[in-house]
>>> print(open('work.txt').read())   # compact mmCIF, C-alpha atoms
# COMPACT_ATOMS: atom_id res chain seq x y z
CA MET A 182 36.03 95.38 27.28
CA TRP A 183 38.61 97.77 28.66
CA MET A 184 36.01 99.24 30.99
CA SER A 185 34.98 95.77 32.20
CA ASP A 186 38.60 94.91 32.84
CA LEU A 187 38.99 98.00 35.03
CA ILE A 188 35.91 97.18 37.06
CA GLY A 189 36.94 93.56 37.36
CA SER A 190 40.40 94.61 38.49
CA GLU A 191 38.87 96.91 41.09
CA VAL A 192 36.81 94.11 42.58
CA GLU A 193 39.77 91.77 42.48
CA LEU A 194 41.99 94.33 44.20
CA GLN A 195 39.37 94.94 46.86
CA GLN A 196 39.29 91.21 47.54
CA LYS A 197 43.08 91.09 47.68
CA LEU A 198 43.09 94.04 50.05
CA SER A 199 40.59 92.28 52.31
CA ASN A 200 42.54 89.02 52.25
CA THR A 201 45.88 90.72 52.81
CA ALA A 202 44.46 92.80 55.68
CA GLU A 203 43.18 89.60 57.29
CA GLU A 204 46.55 87.93 56.83
CA LEU A 205 48.23 90.98 58.35
CA ARG A 206 45.87 90.86 61.34
CA LYS A 207 46.66 87.18 61.92
CA LEU A 208 50.39 87.80 61.61
CA ARG A 209 50.17 90.60 64.16
CA GLU A 210 48.19 88.41 66.53
CA GLU A 211 50.74 85.63 66.14
CA ARG A 212 53.58 88.07 66.74
CA GLU A 213 51.89 89.41 69.89
CA LYS A 214 51.69 85.84 71.21
CA VAL A 215 55.36 85.30 70.43
CA ILE A 216 56.32 88.59 72.13
CA GLU A 217 54.24 87.63 75.19
CA GLU A 218 55.96 84.24 75.30
CA ILE A 219 59.33 85.98 75.08
CA ARG A 220 58.36 88.18 78.05
CA LYS A 221 57.33 85.11 80.07
CA ILE A 222 60.54 83.22 79.30
CA LYS A 223 62.68 86.29 80.08
CA SER A 224 60.86 86.68 83.41
CA LYS A 225 61.40 83.01 84.18
CA LYS A 226 65.04 83.32 83.19
CA ARG A 227 65.51 86.32 85.52
CA GLU A 228 64.10 84.26 88.38
CA LYS A 229 66.47 81.41 87.55
CA VAL A 230 69.45 83.77 87.32
CA ILE A 231 68.60 85.28 90.71
CA LYS A 232 68.27 81.80 92.21
CA LEU A 233 71.55 80.75 90.60
CA ARG A 234 73.29 83.80 92.06
CA GLU A 235 71.93 82.97 95.52
CA ILE A 236 73.12 79.36 95.26
CA LYS A 237 76.57 80.48 94.08
CA ASN A 238 76.81 82.81 97.08
CA GLN A 239 75.78 79.95 99.38
CA LEU A 240 78.38 77.67 97.80
CA GLN A 241 81.08 80.31 98.27
CA GLN A 242 80.03 80.79 101.90
CA LEU A 243 80.13 77.01 102.46
CA ARG A 244 83.58 76.82 100.88
CA ASN A 245 84.79 79.54 103.26
CA GLU A 246 83.23 77.76 106.26
CA LEU A 247 84.72 74.41 105.23
CA LYS A 248 88.11 76.02 104.80
CA ALA A 249 87.87 77.72 108.22
CA LYS A 250 86.77 74.50 109.96
CA SER A 251 89.48 72.48 108.24
CA GLU A 252 92.05 75.05 109.34
CA GLU A 253 90.69 74.87 112.90
CA ILE A 254 90.97 71.07 112.87
CA LYS A 255 94.54 71.41 111.63
CA GLN A 256 95.40 73.79 114.50
CA LEU A 257 93.63 71.62 117.07
CA SER A 258 95.42 68.53 115.78
CA ALA A 259 98.74 70.30 116.26
CA GLN A 260 97.69 71.32 119.81
CA ARG A 261 96.60 67.76 120.51
CA GLN A 262 99.96 66.45 119.35
CA ASN A 263 101.78 68.91 121.61
CA LEU A 264 99.57 67.94 124.55
CA LEU A 265 100.28 64.27 123.98
CA GLN A 266 104.00 65.00 124.08
CA VAL A 267 103.63 66.99 127.31
CA ILE A 268 101.48 64.27 128.87
CA ASN A 269 103.99 61.60 127.88
CA GLU A 270 106.83 63.64 129.42
CA LEU A 271 104.85 64.10 132.64
CA LYS A 272 104.17 60.38 132.79
CA LYS A 273 107.89 59.68 132.43
CA GLU A 274 108.57 62.07 135.32
CA PHE A 275 106.08 60.19 137.48
CA GLU A 276 107.87 56.93 136.73
CA GLN A 277 111.13 58.49 137.84
CA LEU A 278 109.54 59.93 140.99
CA LYS A 279 108.30 56.55 142.17
CA ASN A 280 111.79 55.73 143.45
CA VAL A 281 112.04 59.17 145.04
CA ASP A 282 108.87 58.49 147.00
CA LYS A 283 110.36 55.27 148.36
CA VAL A 284 113.50 57.05 149.48
CA LYS A 285 111.54 59.97 150.92
CA GLU A 286 109.72 57.62 153.30
CA LYS A 287 113.07 57.03 155.03
CA LEU A 288 114.12 60.70 154.97
CA ASP A 289 111.73 62.82 156.99
CA PRO A 290 113.14 66.36 157.14
CA SER A 291 111.42 67.15 160.43
CA GLN A 292 112.79 64.02 162.13
CA ILE A 293 116.29 64.62 160.81
CA LEU A 294 116.19 68.23 161.98
CA LYS A 295 115.03 67.11 165.41
CA LYS A 296 117.94 64.68 165.72
CA ILE A 297 120.39 67.39 164.67
CA GLU A 298 119.01 69.76 167.29
CA GLN A 299 119.23 67.05 169.94
CA LEU A 300 122.86 66.29 169.07
CA GLU A 301 123.76 69.96 169.06
CA TRP A 302 122.13 70.40 172.44
CA LYS A 303 124.04 67.45 173.79
CA LEU A 304 127.24 68.82 172.35
CA GLN A 305 126.64 72.15 174.07
CA THR A 306 125.44 70.93 177.43
CA SER A 307 127.22 67.67 178.08
CA SER A 308 130.77 67.07 179.22
CA LEU A 309 132.21 64.93 176.47
CA SER A 310 135.54 63.52 175.62
CA LEU A 311 137.23 64.60 172.43
CA ASP A 312 136.45 61.29 170.85
CA GLU A 313 132.74 61.51 171.79
CA GLU A 314 132.59 65.11 170.67
CA LYS A 315 134.15 64.17 167.33
CA LYS A 316 131.58 61.41 166.78
CA ILE A 317 128.69 63.79 167.52
CA ILE A 318 130.06 66.39 165.10
CA LEU A 319 130.42 63.76 162.37
CA LYS A 320 126.92 62.52 163.10
CA ILE A 321 125.53 66.05 162.85
CA ALA A 322 127.35 66.53 159.55
CA SER A 323 125.90 63.30 158.23
CA LEU A 324 122.39 64.28 159.34
CA GLU A 325 122.74 67.68 157.72
CA ARG A 326 123.61 66.00 154.41
CA LYS A 327 120.54 63.79 154.79
CA LEU A 328 118.51 66.88 155.64
CA GLU A 329 119.57 68.53 152.38
CA VAL A 330 118.60 65.40 150.49
CA ALA A 331 115.28 65.25 152.32
CA LYS A 332 114.56 68.90 151.49
CA LYS A 333 115.29 68.26 147.82
CA LEU A 334 113.07 65.21 147.91
CA ALA A 335 110.32 67.32 149.50
CA GLN A 336 110.70 69.86 146.71
CA ILE A 337 110.51 67.07 144.16
CA LYS A 338 107.41 65.72 145.87
CA GLU A 339 105.85 69.17 145.80
CA LYS A 340 106.69 69.41 142.12
CA THR A 341 105.12 66.03 141.60
CA THR A 342 101.87 67.29 143.07
CA GLU A 343 101.99 70.28 140.76
CA SER A 344 102.79 67.99 137.82
CA LYS A 345 99.81 65.81 138.65
CA ALA A 346 97.58 68.89 138.56
CA GLU A 347 99.18 69.92 135.30
CA LEU A 348 98.71 66.43 133.89
CA LEU A 349 95.05 66.45 134.85
CA ALA A 350 94.61 69.87 133.24
CA LYS A 351 96.37 68.68 130.09
CA LYS A 352 94.16 65.60 129.94
CA VAL A 353 91.04 67.76 130.30
CA GLU A 354 92.33 70.07 127.60
CA LEU A 355 93.13 67.09 125.39
CA SER A 356 89.63 65.70 125.90
CA THR A 357 88.11 69.10 125.02
CA ILE A 358 90.21 69.30 121.86
CA ARG A 359 89.25 65.77 120.84
CA GLN A 360 85.57 66.56 121.38
CA ARG A 361 85.88 69.77 119.37
CA ILE A 362 87.57 67.91 116.51
CA ILE A 363 84.73 65.36 116.49
CA GLU A 364 82.18 68.19 116.39
CA LEU A 365 84.02 69.95 113.59
CA ARG A 366 84.27 66.78 111.52
CA SER A 367 80.55 66.20 111.98
CA GLN A 368 79.82 69.78 110.92
CA ILE A 369 82.12 69.42 107.92
CA SER A 370 80.33 66.22 106.93
CA GLU A 371 76.93 67.98 107.06
CA LYS A 372 78.21 70.99 105.15
CA ILE A 373 79.76 68.78 102.48
CA LYS A 374 76.38 67.06 102.08
CA LEU A 375 74.68 70.46 101.77
CA TYR A 376 77.40 71.63 99.38
CA ARG A 377 76.75 68.68 97.08
CA GLN A 378 72.99 69.32 97.15
CA LEU A 379 73.50 72.99 96.27
CA LYS A 380 75.96 72.04 93.55
CA ASP A 381 73.37 69.69 92.01
CA GLN A 382 70.78 72.49 92.19
CA ARG A 383 73.25 74.89 90.58
CA ASP A 384 73.96 72.48 87.71
CA SER A 385 70.23 71.87 87.23
CA ILE A 386 69.44 75.59 87.10
CA ILE A 387 72.30 76.19 84.65
CA LYS A 388 70.76 73.57 82.34
CA GLU A 389 67.34 75.20 82.73
CA ILE A 390 68.82 78.60 81.84
CA GLU A 391 70.53 77.09 78.78
CA SER A 392 67.18 75.59 77.72
CA LEU A 393 65.46 78.97 78.22
CA ASN A 394 68.19 80.67 76.19
CA ASN A 395 67.58 78.21 73.34
CA GLN A 396 63.83 78.85 73.53
CA LEU A 397 64.45 82.61 73.53
CA ALA A 398 66.72 82.33 70.50
CA GLU A 399 64.04 80.39 68.61
CA LEU A 400 61.31 82.86 69.61
CA VAL A 401 63.46 85.88 68.73
CA ASN A 402 64.11 84.37 65.28
CA LYS A 403 60.40 83.67 64.90
CA ASN A 404 59.58 87.22 65.98
CA ASN A 405 62.03 88.64 63.45
CA ASP A 406 60.56 86.42 60.75
CA LEU A 407 57.01 87.56 61.62
CA LYS A 408 58.18 91.17 61.66
CA ASN A 409 59.57 90.76 58.16
CA LYS A 410 56.35 89.11 57.00
CA ILE A 411 54.29 91.92 58.55
CA ASN A 412 56.41 94.53 56.81
CA ALA A 413 56.01 92.62 53.54
CA LYS A 414 52.22 92.51 54.00
CA LYS A 415 52.20 96.25 54.73
CA GLU A 416 54.07 96.85 51.48
CA GLU A 417 51.64 94.55 49.71
CA LEU A 418 48.68 96.50 51.11
CA LYS A 419 50.32 99.74 50.09
CA LYS A 420 50.80 98.42 46.55
CA TYR A 421 47.17 97.24 46.30
CA ARG A 422 45.88 100.59 47.59
CA GLU A 423 47.98 102.44 45.05
CA GLU A 424 46.75 100.22 42.22
CA LEU A 425 43.15 100.54 43.42
CA LYS A 426 43.46 104.32 43.49
CA LYS A 427 44.73 104.33 39.92
CA ILE A 428 41.80 102.17 38.76
CA ARG A 429 39.25 104.29 40.58
CA ASP A 430 40.76 107.42 39.11
CA LEU A 431 40.38 105.88 35.65
CA LEU A 432 36.82 104.78 36.39
CA LYS A 433 35.90 108.30 37.47
CA SER A 434 36.99 109.56 34.07
CA LYS A 435 34.65 107.15 32.21
CA ASN A 436 30.93 107.75 31.62
CA ILE A 437 29.44 104.59 33.12
CA ASN A 438 25.95 106.09 32.81
CA GLU A 439 26.13 105.98 29.01
CA ILE A 440 26.99 102.30 29.09
CA TYR A 441 24.15 101.61 31.47
CA GLU A 442 21.66 103.52 29.29
CA GLN A 443 22.61 101.27 26.43
CA GLU A 444 21.93 98.26 28.64
CA LEU A 445 18.46 99.62 29.53
CA LYS A 446 17.47 99.43 25.88
CA ASN A 447 17.74 95.63 25.99
CA VAL A 448 16.31 94.74 29.43
CA ASN A 449 13.62 96.11 31.67
CA LYS A 450 14.03 97.43 35.17
CA GLU A 451 12.66 94.26 36.82
CA ILE A 452 15.33 92.15 35.19
CA ILE A 453 17.98 94.69 36.18
CA GLU A 454 16.81 94.60 39.79
CA SER A 455 16.92 90.80 39.78
CA LYS A 456 20.42 90.89 38.34
CA ARG A 457 21.41 93.49 40.96
CA LYS A 458 20.34 91.18 43.82
CA LYS A 459 22.14 88.24 42.29
CA ALA A 460 25.25 90.36 41.82
CA GLU A 461 25.13 91.52 45.44
CA GLU A 462 24.74 87.93 46.62
CA LYS A 463 27.72 86.81 44.54
CA LEU A 464 29.75 89.71 45.88
CA LYS A 465 28.94 88.73 49.45
CA ASN A 466 30.13 85.20 48.68
CA SER A 467 33.33 86.56 47.13
CA LYS A 468 32.45 85.17 43.70
CA ARG A 469 33.68 86.77 40.50
CA LEU A 470 31.12 89.08 38.80
CA SER A 471 30.44 89.35 35.09
CA PHE A 472 30.75 92.62 33.27
CA ASP A 473 26.95 93.04 33.15
CA GLU A 474 26.67 92.33 36.87
CA LEU A 475 29.39 94.85 37.59
CA LEU A 476 27.61 97.48 35.57
CA ILE A 477 24.35 96.85 37.37
CA LEU A 478 26.02 96.77 40.77
CA TYR A 479 28.00 99.96 40.32
CA TYR A 480 25.40 101.99 38.41
CA ASN A 481 23.61 104.84 40.20
CA ASP A 482 19.96 104.46 39.31
CA LYS A 483 18.13 107.80 39.19
CA ASP A 484 14.66 108.25 40.58
CA SER A 485 11.81 110.03 38.80
CA ASN A 486 12.99 113.37 40.13
CA GLY A 487 16.39 112.88 38.52
CA GLN A 488 18.07 112.26 41.90
CA ASP A 489 20.44 109.37 42.68
CA SER A 490 18.68 106.54 44.54
CA SER A 491 21.91 104.67 45.48
CA ASN A 492 25.63 105.32 45.80
CA ILE A 493 28.28 103.75 43.68
CA ARG A 494 29.68 100.82 45.69
>>> encode(input="work.txt", output="structure tokens")
Amino acid sequence: MWMSDLIGSEVELQQKLSNTAEELRKLREEREKVIEEIRKIKSKKREKVIKLREIKNQLQQLRNELKAKSEEIKQLSAQRQNLLQVINELKKEFEQLKNVDKVKEKLDPSQILKKIEQLEWKLQTSSLSLDEEKKIILKIASLERKLEVAKKLAQIKEKTTESKAELLAKKVELSTIRQRIIELRSQISEKIKLYRQLKDQRDSIIKEIESLNNQLAELVNKNNDLKNKINAKKEELKKYREELKKIRDLLKSKNINEIYEQELKNVNKEIIESKRKKAEEKLKNSKRLSFDELLILYYNDKDSNGQDSSNIR
């Protein structure tokens, strides 16, 4: 019975080896799939990270542009306020100059100067009494005062013309500033809209990356678990191989031929051949073999010349 136990253990170990090797193969295949999935997710994550970096750069650029445009609006608003003050001051000057224009109509410098020259000529060429001479001198003095006033009024009028040109220029400048502010506010509105869109994209990609990280963590854990199982199966295979080697070493030391010769005394060769076929069929179907079947299956039948006709299986 000890011999039959050894042979039975050998067959059982061979079956265990086959099953364990198949399990190991499946585990390796499963691990390869997990590793490939990890590669795919890492690649997808890299793409998302690159896209996220691009969006963050765009957001920073938009923030800088919005800040610059807001600062420009602030400066233009200050310029506009200064222009309004200047324009208001110029308008006040024009109100004050309206009265000057009315007075100027009565004070024509050229006419006054002509009268002065006429009086001076009369004073120089005419024979006048002291009283008449005095009146002419007083008249000239009066006209000279009016002439000074007329000259000042002419200067004021000239300044008024310059102020009108300045006012027109200020109004044009004010209009340009107002138009620029409108344009800037429109641009800011569009950039704020784009900023919000990019921000939504950024938040969405961050969530996608978090989801990918969770998937990676699960797959890494699964990979580690499969790795441990594979190592365990390798150790199991190693143990079975070592046990199988021990059994085969023991079997080599036993004289199986003597046992088989004893069996031949009870049955003929035809029955043995029939049993051999049945044993082979059972072995193919992974069924357990009896001791007799094992003996028949593993025995090396010798031909008439004393040579082995089959190998020990």
>>> atom_distance(input="work.txt", atom1="atom CA of Arg383 of chain A", atom2="atom CA of Ser370 of chain A")
19.8 Å
>>> atom_distance(input="work.txt", atom1="atom CA of Ser224 of chain A", atom2="atom CA of Asn404 of chain A")
17.5 Å
>>> closest_residue(input="work.txt", among="A:Asn466, A:Asn409, A:Gln239, A:Asn394", to="Gln196 of chain A", atoms="only C-alpha atoms")
A:Asn466
>>> axis_aligned_box(input="work.txt", around="segment 421-432 of chain A", padding_each_side="6 Å", output="JSON")
{"center_x": 42.4, "center_y": 102.3, "center_z": 41.6, "size_x": 23.2, "size_y": 22.2, "size_z": 23.9}
>>> atom_distance(input="work.txt", atom1="atom CA of Leu328 of chain A", atom2="atom CA of Ser291 of chain A")
8.6 Å
>>> closest_residue(input="work.txt", among="A:Leu397, A:Leu240, A:Ile428, A:Leu418", to="Lys197 of chain A", atoms="all atoms listed in the file")
A:Leu418
